[in-house]
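One structure below.
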Amino acid sequence: QVELVEFGGGLVRAGGSLRLSCAASGRTFSRYGMGWFRQAPGKEREFVAAISWCGGESPYYTDSVKGRFTISRDNAKNTVYLQMNSLKPEDTAVYYCAAKAKEAFWSSTYYTDTTQYDYWGQGTQVTVSS
């Protein structure tokens, strides 16, 4: 069982930055790939970024955030981060972190798909004003 709690959401102007954090419970954090997803009003939850269990493999990003967002993790602190720069109004959404148990290999097939994740946080609101 893994419990996830997100922090760091808020209101920011376009062009600004925020850093989201997700703290995980338990002693097996390093056995999980971690992802960030978001859901805007009236839209389906979508993939944002994912990082492998050790952080050594190349992370995955959805095209709309490449070059602006960076995912990272600190296994000693059981925490995953999402640094968001150059924010746009279209980034406004509830952001969720999620954990997926380690697979035999790091693959976007598993780690960019919302249905593949085992545990989810409660979400944190990010609002970007124009």
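In the structure tokens, chains take the letters A, B, ... in the order shown, each chain's residues start at 1, and ligands count up from 1 in the order shown.
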
Hey, which bits of region 30-72 of chain A sit within 9 Å of region 110-115 of chain A, and for each residue what's the closest pair of atoms and how far apart in Å (one decimal), counting only C-alpha atoms, rows by chain and increasing number, as a tab-separated table?
residue	atom	partner	partner_atom	distance
A:Gly33	CA	A:Tyr111	CA	7.3
A:Met34	CA	A:Tyr111	CA	7.9
A:Gly35	CA	A:Tyr111	CA	7.1
A:Phe37	CA	A:Thr114	CA	7.9
A:Arg45	CA	A:Thr114	CA	7.7
A:Glu46	CA	A:Thr114	CA	7.3
A:Phe47	CA	A:Thr112	CA	5.8
A:Val48	CA	A:Thr112	CA	7.9
A:Ala49	CA	A:Thr112	CA	7.4
A:Ala50	CA	A:Tyr111	CA	6.4
A:Ile51	CA	A:Tyr111	CA	8.2
A:Ser52	CA	A:Tyr111	CA	8.5
A:Tyr60	CA	A:Thr112	CA	7.5
A:Tyr61	CA	A:Thr112	CA	8.4
A:Thr62	CA	A:Thr112	CA	8.5

Give me the residues within 6 Å of region 21-29 of chain A as a compact mmCIF listing (two decimals) with N, CA and C atoms, in the first residue's frame, counting only C-alpha atoms and dropping any in the same chain fewer than 6 places off.
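Output below, filename out.txt:
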# COMPACT_ATOMS: atom_id res chain seq x y z
N VAL A 2 0.55 2.17 -0.87
CA VAL A 2 1.29 3.44 -0.96
C VAL A 2 0.29 4.58 -0.86
N GLU A 3 0.54 5.50 0.01
CA GLU A 3 -0.29 6.71 0.12
C GLU A 3 0.51 7.89 -0.43
N LEU A 4 -0.18 8.71 -1.22
CA LEU A 4 0.47 9.83 -1.89
C LEU A 4 -0.24 11.12 -1.53
N VAL A 5 0.54 12.14 -1.23
CA VAL A 5 -0.02 13.45 -0.91
C VAL A 5 0.74 14.51 -1.70
N GLU A 6 -0.02 15.30 -2.47
CA GLU A 6 0.58 16.34 -3.29
C GLU A 6 0.60 17.68 -2.55
N PHE A 7 1.59 18.49 -2.85
CA PHE A 7 1.73 19.84 -2.29
C PHE A 7 2.19 20.78 -3.40
N ASN A 78 11.42 9.89 -0.26
CA ASN A 78 10.13 9.36 -0.73
C ASN A 78 9.29 10.45 -1.40
N THR A 79 9.93 11.23 -2.24
CA THR A 79 9.24 12.37 -2.84
C THR A 79 9.55 12.47 -4.33
N VAL A 80 8.51 12.82 -5.08
CA VAL A 80 8.67 13.12 -6.50
C VAL A 80 8.23 14.56 -6.71
N TYR A 81 8.88 15.23 -7.65
CA TYR A 81 8.64 16.65 -7.89
C TYR A 81 8.25 16.89 -9.35

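Here the strand (DSSP E) residues in region 54-84 of chain A, by DSSP on the backbone, are Tyr60, Tyr61, Phe69, Thr70, Ile71, Ser72, Arg73, Asp74, Thr79, Val80, Tyr81, Leu82, Gln83 and Met84 of chain A.
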
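Nearest to Ser129 (chain A) of all the residues A:Thr92, A:Thr109, A:Gln83, A:Gln116 is A:Thr92, based on only C-alpha atoms.
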
As a ChimeraX atom specification, please: all residues of region 6-130 of chain A that backbone DSSP puts in alpha helix (DSSP H).
/A:108-111

Would you kindly return, as an NGL selection string, each protein, DNA or RNA residue with an atom no farther than 8 Å from any atom of Trp120 (chain A), considering only C-alpha atoms and excluding same-chain residues fewer than 2 positions away?
:A and (3-4 or 96-99 or 117-118 or 122)
